[in-house]
Every structure is written in C-alpha cells, then in structure tokens.
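Notes follow the structure.
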Amino acid sequence: MLQRTVKKYIESLNLLPEGAKVVVALSGGADSVALMDILNRLDYACIGAHVNFHLRGEESDRDAAFSHQLCRDLGVPFYKTDLYAAEYAEREGISVEMAARDLRYRWFEQLRKEQGAVAIAVAHHKDDSVETMLLNLIRGTGIRGLTGIKPKNGFIVRPLLCCDREAVLEYLQQQGLTYVTDRTNQLNEYRRNKIRLDVLPLLESIQPSVREAISRTIEHLNDTEILYDKSIEEAKKRLCPGFKNGAANTPLVISIPALEKEAAAQSLLYEILSDYGFGRVDAETIYKTRIGISGRVFYSHTHRLVFDREEMIVSELPVNDVQEYTIDESQTVVSEPIALKCERITPEDGFDVSASRSVACLNAEKLLFPLTLRHPKKGDSFIPFGMHGRKLISDYCTDRKFNALEKESLWLLCSGKDIVWVVGERIDNRFRVEESTKRVYRVTVNLL
C-alpha cells in the first residue's frame, strides 16, 4: 500500500521526525490530496496551506473551497492566502509561473515559522522529477540539472517522490477520495505541460518503460553528483588558499596558475563561480581572458570577480560608501567605520614613537579638526614617512603588493585635504613627531 511505501521513504531519508508538525501545500489536486491524507494517517500534525492566485476565476475559488472542506473532514487546521501572481510577474519582469512559485513558497515559509512547523511538505512525485530532468536537459544543464527534484531542500520535503502519478491515482480510488482538476494542466501552452502531454507519450511509443528508465538514471546521477561535489570541494582547497566550505559570503581568491594545472579547468571554474552567481557563459569568458590586464572586473547579480596579477578575487558587490566619517577633537573612541582609540599626550609623559603599523603618532599642532575617515579616491597622494616626495596611494598599494580588494578596503585619516595616515600602514611625513613637537595625537587601531 502507498501509505507504507511513503512511511518507509520518509524514514529512510529522515525527511520528517515522527509525529512532527508539518505544513502541507494543498492545491486540491490529486497529488496534494493524497499527500495530505497519507501524512494525516501517519499521525503527523498536518496544517493545510492553500494559495488562491485568482488566475482561473471561479475555478480558483472552487479549489480553495474544496481544500478548506477537505481539511474540515480530516480535522486538520486550514490556512488560505490570496496572492496575485500576474501583477507580481509584471512588476518583477518574470513569468507568471515563476511569480507564483516565488510567492507561494515565501508564504509557506512564513506560515511554517508562525506555526512552529518543522517542514513544508509538497506533493511532487516521480513523474514530476522526470519532467524536471527533461526540461533541464532541453535548456542545457550540468550534472545537477539532470538529478531531478530533491527529496529535501532546506525546509521543503517531498514524501511522494518514491511513487509515480499512477500510484497516486490508485491510492485515491482505494480510499474513495475526490480531488479537483486544474484545466490548465491539460493545455500544452507551458513547457512542462508539453513534456507531459506530448514528449513523454512519444517517448513511451518508442520505449514503454521510459519513465522508469529515466527515474533509474536520475538515481544513478544523484550518486554521481555526490562524488562530483566531493571532487569539486577538494579542488577548491587546491585552488583557493583559505577556502572554507559554505563560506560564499567571504572573499575568495583563486590561483590562476593552479587552475591551469587542473583537468577540465574551465568546467571546474564554473562550478566554483556558480556559488557566487556567475553562469556558465560568464565562466567561459572569464577563463578565456584569465591571462590579461590586472584590474579587469566581471559581475554577477551578487558578486564581482577582479583579476589581480595571477589571482582572481571574488567578493560581494561593494556598497557605494562615499560617506566621510568625522572625528571630533574631544573623541577618545571611534567605533565607525573602524575601531580606533584616540589620545592626546605630551613627550614629557615618557612618550615613545611606536613603530607599529597599527599606531599613528602625529604632531597634534599640525592637525585641523574635525579629522575625517574615508576610502581612497582616484588621484589621492601623500608623502610617506621617511620620504620627501609625493606618492600616489595606488602606487603605494602596488609597492605593498596589495590585491584589488585590499586596496578598496583601505581607510585614510585626513586633516582637511591632507592624508595624515593610511590607516594600519604609514603616516604622512609632514605630520611626524619631531623633537620640537609639544603635543602628540596618537591613534591606535583597536584590534580586539
């Protein structure tokens, strides 16, 4: 019986703890009705969740009413929301299908948190996974796109992936359960419907067991994906000094010489960069231009990649921080944008000029308050301590072998239009402490 099959599947993959509270996505269609009934019979604390997108007029209202009545009959709490996918799609410039998916999963997650549920159960089955695999195949995809639908993705679980549509319909007939039918599922205007209504029947005329054959292939590829992912993680450690698994929000440095020693280097680069929003075409272009001018930049929606000599540096898109932070003469502690300790001292206090890069000892008599903290701008220059000629900040950074990310993250302490300290690096020679200096302004980077 399907109920026993689903129970074993849930247990084997640890999809749900026994008796757990779970939000069940309930459309009123055959698959979701079967899922709700099975989970309820297995003594899970089910919560029915229905979204009315108002895309099919009275039919949408009918589905909502049916889902509500089903939950009444089962003694299951029912929640409904009205969302308008067409308006959202137009506003965001995406398809109605994508808009509906985004909106419903966002609401499901909100409901899950509000109700203290451990998961959101959706009714995808084997046939859905087969269709997804074929859709990805015709779009063009890598190994992940050929592994179908995952049984668990975050808080989303799919307990029916162990069975096909035929088994679902048979179960409903055995239990005497009714369901509603979405007429749009019979229209081949959408790609998925074309796969279901046209492509798969054609394939079955060639090979009757094609769905089962594709399902077996998906299982094999899922096992292959595990080995593949392990290989990618090992390669990241070879190519990216300091790489930490899962740290997609921290800067990543990729060694170009190390990359070129790898087999299938271009594909490997794509797998690394895909975690940062770069597509396959992006990776191909980046790989082809890997030997070029330092400073060249490529962007994804969330990150950017900068070429810096023999390295690629991937970081989050920088915030356009043009603000200047002021330091008043009376301040002793600065917390933004960096932590600083500010002191006024006199040489008579037994003062010694520190040689540490994290400490700036400045001639207070030459400072014009309030001081300012800002990032470097194009053309910035100063006179480095011990020198007499001006040096561009950009040239100083090059001499210090700073990469592009390190250059951007520098802070400059300024007095009026003059840079008095490249913070954590070097003071300006004009503001140095001399034997005749009577008052010293000491600034220390707080490393704690």
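Starting from 1 in every chain, residues are counted up; chains themselves are A, B, ... following the order of the structure tokens, and ligands are numbered from 1 as listed.
Selecting strand (DSSP E or B) from the backbone DSSP output for region 268-329 of chain A yields A:Val297, A:Phe298, A:Tyr299, A:His303, A:Arg304, A:Leu305, A:Val306, A:Phe307, A:Asp308, A:Glu311, A:Met312, A:Ile313, A:Val314, A:Ser315, A:Glu316, A:Tyr325, A:Thr326, A:Ile327.
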### Message
Show me, as number ranges by chain, the residues that have an atom within 9 Å of Tyr88 (chain A) when counting only C-alpha atoms, minus same-chain residues fewer than 4 positions from it.
### Response
A: 83-84, 92-94, 96, 99-100, 103
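If only C-alpha atoms are the atoms counted, then among A:Lys126, A:Arg426, A:Arg139, A:Arg374 the closest residue to Ala167 (chain A) is A:Lys126.
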### Which of A:Leu35, A:Leu134, A:Leu169, A:Leu55 sits closest to Leu203 (chain A) [using only C-alpha atoms]
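Nearest candidate to Leu203 (chain A) out of A:Leu35, A:Leu134, A:Leu169, A:Leu55: A:Leu134.
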Within 9 Å of region 7-26 of chain A, which residues of region 79-187 of chain A show up? Give each one with its shortest atom-to-atom distance in Å (one decimal) and the two atoms involved, counting only C-alpha atoms, rows by chain then rising residue number, as a tab-separated table.
residue	atom	partner	partner_atom	distance
A:Phe108	CA	A:Val23	CA	7.4
A:Glu109	CA	A:Val23	CA	8.9
A:Leu111	CA	A:Val23	CA	7.7
A:Arg112	CA	A:Val23	CA	6.2
A:Gln115	CA	A:Lys21	CA	8.4
A:Gly116	CA	A:Lys21	CA	7.4
A:Ala117	CA	A:Lys21	CA	4.7
A:Val118	CA	A:Val22	CA	5.9
A:Ala119	CA	A:Val22	CA	5.1
A:Ile120	CA	A:Val23	CA	4.7
A:Ala121	CA	A:Val24	CA	4.8
A:Val122	CA	A:Ala25	CA	5.3
A:Ala123	CA	A:Ala25	CA	7.5
A:Pro151	CA	A:Leu15	CA	7.8
A:Lys152	CA	A:Leu15	CA	6.9
A:Val157	CA	A:Leu15	CA	6.3
A:Arg158	CA	A:Leu15	CA	8.1
A:Pro159	CA	A:Ile10	CA	6.1
A:Leu160	CA	A:Tyr9	CA	8.4
A:Leu161	CA	A:Tyr9	CA	8.6
A:Cys162	CA	A:Tyr9	CA	6.7
### Message
So, with only C-alpha atoms as the atoms that count, which of A:Thr217, A:Gln331, A:Gln3, A:Ser409 lies closest to Gln175 (chain A)?
### Response
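Among the listed residues, the smallest separation from Gln175 (chain A) belongs to A:Gln3.
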### Message
At a cut-off of 10 Å, using only C-alpha atoms, what residues contact Ile149 (chain A)? Leave out same-chain residues fewer than 6 positions from it and give the result as a list in words.
### Response
His124, His125, Lys126, Asp128, Ser129, Val130, Glu131, Thr132, Met133, Arg158, Leu161 and Ile218 of chain A
Residues as selected, N, CA and C atoms, written as a tab-separated table (two decimals), in the first residue's frame, can you do that?
chain	number	residue	atom	x	y	z
A	124	HIS	N	5.26	16.70	-4.99
A	124	HIS	CA	5.94	16.23	-6.20
A	124	HIS	C	6.18	14.72	-6.12
A	125	HIS	N	5.99	14.04	-7.26
A	125	HIS	CA	6.23	12.59	-7.32
A	125	HIS	C	7.24	12.28	-8.42
A	126	LYS	N	7.45	11.01	-8.70
A	126	LYS	CA	8.47	10.57	-9.65
A	126	LYS	C	8.28	11.19	-11.03
A	128	ASP	N	6.96	14.01	-11.83
A	128	ASP	CA	7.39	15.41	-11.80
A	128	ASP	C	8.90	15.52	-11.91
A	129	SER	N	9.60	14.60	-11.24
A	129	SER	CA	11.06	14.61	-11.29
A	129	SER	C	11.57	14.30	-12.69
A	130	VAL	N	10.90	13.35	-13.36
A	130	VAL	CA	11.26	13.01	-14.74
A	130	VAL	C	11.06	14.21	-15.65
A	131	GLU	N	9.93	14.90	-15.49
A	131	GLU	CA	9.65	16.08	-16.31
A	131	GLU	C	10.69	17.18	-16.07
A	132	THR	N	11.07	17.37	-14.82
A	132	THR	CA	12.07	18.38	-14.48
A	132	THR	C	13.41	18.07	-15.14
A	133	MET	N	13.80	16.80	-15.11
A	133	MET	CA	15.05	16.39	-15.72
A	133	MET	C	15.04	16.68	-17.23
A	158	ARG	N	9.61	16.30	0.17
A	158	ARG	CA	8.75	15.73	-0.88
A	158	ARG	C	8.58	14.23	-0.63
A	161	LEU	N	8.05	11.39	-3.67
A	161	LEU	CA	8.99	11.13	-4.76
A	161	LEU	C	9.30	9.64	-4.93
A	218	ILE	N	18.17	9.07	-13.03
A	218	ILE	CA	18.23	10.13	-12.03
A	218	ILE	C	18.87	9.62	-10.74
### Task
Please report, as a count of residues only, each residue of region 192-382 of chain A to which DSSP assigns helix (DSSP H, G or I) when run on this structure's backbone.
77
### Task
Calculate how many Å separate CA of Asn403 (chain A) from CA of Asp308 (chain A), rounding to one decimal.
6.0 Å
### Task
Name the residues in contact with Met312 (chain A) at a cut-off of 10 Å, using only C-alpha atoms, excluding same-chain residues fewer than 2 positions from it; report them as a list in words.
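Listed by chain and then number, they are Cys240, Leu252, Val253, Ile254, Ser255, Ile256, Ile286, Arg290, Ser294, Gly295, Arg296, Val297, Arg304, Leu305, Val306, Phe307, Asp308, Arg309, Glu310, Val314, Ser315, Asn403 and Ala404 of chain A.
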Print the selection's residues with C-alpha atoms to a file, as an mmCIF file, in the first residue's frame.
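Output file result.cif is given in full below:
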data_model
loop_
_atom_site.group_PDB
_atom_site.id
_atom_site.type_symbol
_atom_site.label_atom_id
_atom_site.label_comp_id
_atom_site.auth_asym_id
_atom_site.auth_seq_id
_atom_site.Cartn_x
_atom_site.Cartn_y
_atom_site.Cartn_z
ATOM 1 C CA CYS A 240 41.704 28.764 -3.229
ATOM 2 C CA LEU A 252 37.520 34.007 -2.450
ATOM 3 C CA VAL A 253 40.970 34.049 -4.033
ATOM 4 C CA ILE A 254 41.523 31.682 -6.985
ATOM 5 C CA SER A 255 45.075 30.932 -8.119
ATOM 6 C CA ILE A 256 45.260 31.118 -11.930
ATOM 7 C CA ILE A 286 36.450 34.643 -17.565
ATOM 8 C CA ARG A 290 42.372 34.763 -17.494
ATOM 9 C CA SER A 294 45.082 43.249 -13.793
ATOM 10 C CA GLY A 295 42.034 45.094 -12.608
ATOM 11 C CA ARG A 296 39.584 43.684 -15.147
ATOM 12 C CA VAL A 297 36.227 43.118 -13.468
ATOM 13 C CA ARG A 304 32.196 40.577 -8.659
ATOM 14 C CA LEU A 305 35.416 38.983 -9.827
ATOM 15 C CA VAL A 306 38.584 41.063 -10.147
ATOM 16 C CA PHE A 307 41.772 39.943 -11.908
ATOM 17 C CA ASP A 308 44.809 40.780 -9.811
ATOM 18 C CA ARG A 309 48.074 39.549 -11.380
ATOM 19 C CA GLU A 310 47.943 35.738 -11.046
ATOM 20 C CA VAL A 314 35.661 37.093 -5.845
ATOM 21 C CA SER A 315 33.827 39.280 -3.350
ATOM 22 C CA ASN A 403 45.354 42.984 -4.213
ATOM 23 C CA ALA A 404 42.340 44.875 -5.570
#
### Task
Take CA of Ser205 (chain A) and CA of Arg191 (chain A) and report the distance between them in Å, one decimal.
20.1 Å
## Note on the structure
Counting only C-alpha atoms, closest pick from A:Phe298, A:Phe66, A:Phe78, A:Tyr325 relative to Pro337 (chain A) is A:Tyr325
### Summary
Shortest contact to Cys414 (chain A), candidates A:Thr398, A:Gln173, A:Thr372, A:Ser436, atoms counted only C-alpha atoms, goes to A:Thr372
### Message
Report, in Å with one decimal, the straight-line distance from CA of Glu262 (chain A) to CA of Glu219 (chain A).
### Response
28.2 Å
